[in-house]
Number of protein chains: 2
Amino acid sequence: MDDPKPTELMFDMDAPVCHGLGDTQACSGKKRGRPRAFCTEAVLETALELFWMKGFAATSLDDISAATGVSRPSLAAAFGDKEAIYIKAMERYQEDLRSQLDGVLTCNGEGDSMRAIIDRYFDIMIAAYTGEQDHPLGCAFMCTALNEAPQHESILEMLQATIEGFDRRFQSFFEGARYFGCLRGDQDPKVLTQMISGLTSNLLMRARAGAGRKELTDIARATTAFLFP
Amino acid sequence: MDDPKPTELMFDMDAPVCHGLGDTQACSGKKRGRPRAFCTEAVLETALELFWMKGFAATSLDDISAATGVSRPSLAAAFGDKEAIYIKAMERYQEDLRSQLDGVLTCNGEGDSMRAIIDRYFDIMIAAYTGEQDHPLGCAFMCTALNEAPQHESILEMLQATIEGFDRRFQSFFEGARYFGCLRGDQDPKVLTQMISGLTSNLLMRARAGAGRKELTDIARATTAFLFP
DNA sequence: ATATTTTTATGCGACTTCGCAAATAATTCT
DNA sequence: AGAATTATTTGCGAAGTCGCATAAAAATAT
């Protein structure tokens, strides 16, 4: 349950991590053989960008290899097959987003209004969907995983886990808010969670279709104003 | 504007159409050369199913050829390249859905409540997303077009047109409803349209992730009850 | 120093995917 | 009947995609 894929690649969980600039030297660790010539994090980062633009099926291992300078066999040794690379890149993406949300999605009963909190949540998501690109790309995971879910078991499982995690997070958030008296009686945590889920999906879809930051924030503001009058 | 692709294939707009069972004989028409041995509608139907399951990038012309029994050159002659087949299959899909909605999405001021109308709308969408499959597949267009939009101009344009059409439809529907006094003063047609858009996206996403008809209708009922109390 | 371990580099082989061209078949026009 | 038109069939060729196998390189262990 907690570990959907007991794969053979768990060992590189404790591989040397270079969080600095994209250096080529391995940072530390006293592993036995020849050290990695590339940073796995940097590879996953550029793999993410490729998947984000082209989707899973249309990005080849050759694409990733060319964009990173890492040969295909090295990619296979470090991550596994394409599906494994995709999963790891998306987990990284989600983790980054999650950590941004941690600072925002808390309700301790004082301070901001519910509406201000949700507004900040949407600001973060819109920034992620919009990026610095000339053309916004929407959500890297949703816009690509929905496409692959029926054909790729691991992606389907990650999709389900993502939805469940989203629901859990918002539901407990709203339950906390209700506990602290920040919610009206007619505002059910379950229903509100579905509302936020829907509005988020709406934004991510429109971003992928080309909607810019201003258009999206306008939509977000108007809808949250409706939800939390 | 009205014709995004002035392609060479417009002539088959008036090609013989067989709306009957999947026969092999051309139905009518007095065109010059050898008649088609297959029904273009039937081909687009099975192409749709393939795209629906596997997405655009992962379904090859060989897949479509094998599933329909029509050779690749014949497909190319009849429809164009893969992108053109996809567009035509999805237009057919949308047209079918649109016609179902026509009977439901009208507000003449009497009869049903707003909530009942929206409930019927969601019933239709949920049925489309759920189908008779063992595993629900979500929206054939959204779940696949979002993936391809950044890389395929024609798909991006269709995505934008779909969103605009959705917005226009619901906005004028809600404006009509307001005119007939079916809407409270705080229910803005624009905001309601975004809400419905979001809830629809939410359902289509969860369907693709495996949510069944009951789960989806429960969500739909709870959210529309919130929107139209 | 030598052996062991791990990564890297190179390349082959099988398969897929797609566009295209040439020959054949079926139908209408004159 | 013969010409013209359109579809179908068959097959080739180029490019892409991926897994794998082999040899070389770079580090540690003994």
# chains A, B, ... in the order shown; residues from 1 in each chain; ligands from 1

call {"tool": "closest_atom_pairs", "arguments": {"of": "range 50-82 of chain A", "to": "range 1-17 of chain D", "cutoff": "10 Å", "atoms": "only C-alpha atoms (C1' of nucleotides)", "output": "CSV"}}
result
residue,atom,partner,partner_atom,distance
A:Ser60,CA,D:DT17,C1',7.2
A:Leu61,CA,D:DT17,C1',8.1
A:Asp62,CA,D:DT17,C1',8.0

call {"tool": "write_last_selection", "arguments": {"atoms": "N, CA and C atoms", "output": "PDB file, in the first residue's frame"}}
result
ATOM      1  N   SER A  60      10.873  10.138 -26.105  1.00  0.00           N
ATOM      2  CA  SER A  60      11.629   8.895 -26.165  1.00  0.00           C
ATOM      3  C   SER A  60      12.815   8.951 -25.212  1.00  0.00           C
ATOM      4  N   LEU A  61      13.359   7.799 -24.940  1.00  0.00           N
ATOM      5  CA  LEU A  61      14.573   7.767 -24.145  1.00  0.00           C
ATOM      6  C   LEU A  61      15.696   8.509 -24.860  1.00  0.00           C
ATOM      7  N   ASP A  62      15.674   8.472 -26.168  1.00  0.00           N
ATOM      8  CA  ASP A  62      16.663   9.228 -26.924  1.00  0.00           C
ATOM      9  C   ASP A  62      16.521  10.730 -26.672  1.00  0.00           C
TER      10      ASP A  62
END

call {"tool": "select_by_dssp", "arguments": {"residues": "range 54-204 of chain A", "states": "alpha helix (DSSP H)", "output": "number ranges by chain"}}
result
A: 54, 61-68, 72-79, 82-102, 114-130, 142-148, 153-179, 189-204

call {"tool": "residues_around", "arguments": {"residues": "range 20-29 of chain D", "least_positions_apart": "4", "cutoff": "7 Å", "atoms": "only C-alpha atoms (C1' of nucleotides)", "output": "list in words"}}
result
Arg32, Gly33, Arg34 and Pro35 of chain A

call {"tool": "closest_atom_pairs", "arguments": {"of": "chain C", "to": "chain A", "cutoff": "6 Å", "atoms": "only C-alpha atoms (C1' of nucleotides)", "output": "Markdown table"}}
result
| residue | atom | partner | partner_atom | distance |
| --- | --- | --- | --- | --- |
| C:DT5 | C1' | A:Gly33 | CA | 4.6 |
| C:DT6 | C1' | A:Gly33 | CA | 3.8 |
| C:DT7 | C1' | A:Arg34 | CA | 5.2 |

call {"tool": "atom_distance", "arguments": {"atom1": "CA of Leu159 in chain B", "atom2": "CA of Ala207 in chain A"}}
result
11.2 Å

call {"tool": "closest_residue", "arguments": {"among": "B:Ala42, B:Leu75, B:Ile126, B:Leu48", "to": "chain D", "atoms": "only C-alpha atoms (C1' of nucleotides)"}}
result
B:Leu75

call {"tool": "atom_distance", "arguments": {"atom1": "CA of Val191 in chain B", "atom2": "CA of Ala222 in chain A"}}
result
6.5 Å

call {"tool": "residues_around", "arguments": {"residues": "Arg213 in chain B", "least_positions_apart": "4", "cutoff": "9 Å", "atoms": "only C-alpha atoms (C1' of nucleotides)", "output": "mmCIF file with all heavy atoms, in the first residue's frame"}}
result
data_model
loop_
_atom_site.group_PDB
_atom_site.id
_atom_site.type_symbol
_atom_site.label_atom_id
_atom_site.label_comp_id
_atom_site.auth_asym_id
_atom_site.auth_seq_id
_atom_site.Cartn_x
_atom_site.Cartn_y
_atom_site.Cartn_z
ATOM 1 N N ILE B 126 -21.577 11.736 -17.004
ATOM 2 C CA ILE B 126 -21.094 10.568 -16.262
ATOM 3 C C ILE B 126 -21.294 9.294 -17.077
ATOM 4 O O ILE B 126 -20.417 8.425 -17.119
ATOM 5 C CB ILE B 126 -21.797 10.474 -14.893
ATOM 6 C CG1 ILE B 126 -21.297 11.595 -13.973
ATOM 7 C CG2 ILE B 126 -21.553 9.120 -14.252
ATOM 8 C CD1 ILE B 126 -22.072 11.719 -12.681
ATOM 9 N N ALA B 127 -22.430 9.211 -17.737
ATOM 10 C CA ALA B 127 -22.660 8.039 -18.582
ATOM 11 C C ALA B 127 -21.607 7.959 -19.685
ATOM 12 O O ALA B 127 -21.092 6.884 -19.996
ATOM 13 C CB ALA B 127 -24.061 8.108 -19.188
ATOM 14 N N TYR B 129 -18.576 9.207 -19.602
ATOM 15 C CA TYR B 129 -17.254 8.952 -19.019
ATOM 16 C C TYR B 129 -17.127 7.516 -18.533
ATOM 17 O O TYR B 129 -16.026 6.974 -18.411
ATOM 18 C CB TYR B 129 -16.991 9.897 -17.846
ATOM 19 C CG TYR B 129 -16.983 11.355 -18.210
ATOM 20 C CD1 TYR B 129 -17.131 12.349 -17.240
ATOM 21 C CD2 TYR B 129 -16.823 11.762 -19.540
ATOM 22 C CE1 TYR B 129 -17.125 13.688 -17.583
ATOM 23 C CE2 TYR B 129 -16.820 13.096 -19.880
ATOM 24 C CZ TYR B 129 -16.983 14.058 -18.898
ATOM 25 O OH TYR B 129 -16.983 15.382 -19.226
ATOM 26 N N THR B 130 -18.238 6.924 -18.212
ATOM 27 C CA THR B 130 -18.237 5.597 -17.608
ATOM 28 C C THR B 130 -18.446 4.494 -18.628
ATOM 29 O O THR B 130 -17.786 3.460 -18.579
ATOM 30 C CB THR B 130 -19.334 5.540 -16.535
ATOM 31 O OG1 THR B 130 -18.926 6.328 -15.418
ATOM 32 C CG2 THR B 130 -19.569 4.125 -16.104
ATOM 33 N N PRO B 136 -13.784 2.535 -16.452
ATOM 34 C CA PRO B 136 -14.183 3.807 -17.062
ATOM 35 C C PRO B 136 -12.988 4.512 -17.690
ATOM 36 O O PRO B 136 -11.855 4.368 -17.249
ATOM 37 C CB PRO B 136 -14.740 4.600 -15.871
ATOM 38 C CG PRO B 136 -14.218 3.930 -14.646
ATOM 39 C CD PRO B 136 -14.016 2.497 -15.006
ATOM 40 N N ALA B 207 -13.118 9.769 -13.235
ATOM 41 C CA ALA B 207 -13.541 8.623 -14.042
ATOM 42 C C ALA B 207 -12.322 7.953 -14.670
ATOM 43 O O ALA B 207 -12.188 6.725 -14.649
ATOM 44 C CB ALA B 207 -14.511 9.080 -15.131
ATOM 45 N N THR B 217 -21.782 9.952 -9.467
ATOM 46 C CA THR B 217 -23.083 10.612 -9.286
ATOM 47 C C THR B 217 -23.235 11.122 -7.856
ATOM 48 O O THR B 217 -23.842 12.168 -7.637
ATOM 49 C CB THR B 217 -24.241 9.652 -9.621
ATOM 50 O OG1 THR B 217 -24.006 8.395 -9.007
ATOM 51 C CG2 THR B 217 -24.361 9.454 -11.109
ATOM 52 N N ASP B 218 -22.671 10.419 -6.901
ATOM 53 C CA ASP B 218 -22.713 10.929 -5.533
ATOM 54 C C ASP B 218 -22.025 12.290 -5.447
ATOM 55 O O ASP B 218 -22.543 13.237 -4.845
ATOM 56 C CB ASP B 218 -22.023 9.935 -4.588
ATOM 57 C CG ASP B 218 -22.910 8.722 -4.312
ATOM 58 O OD1 ASP B 218 -24.092 8.768 -4.700
ATOM 59 O OD2 ASP B 218 -22.410 7.749 -3.736
#
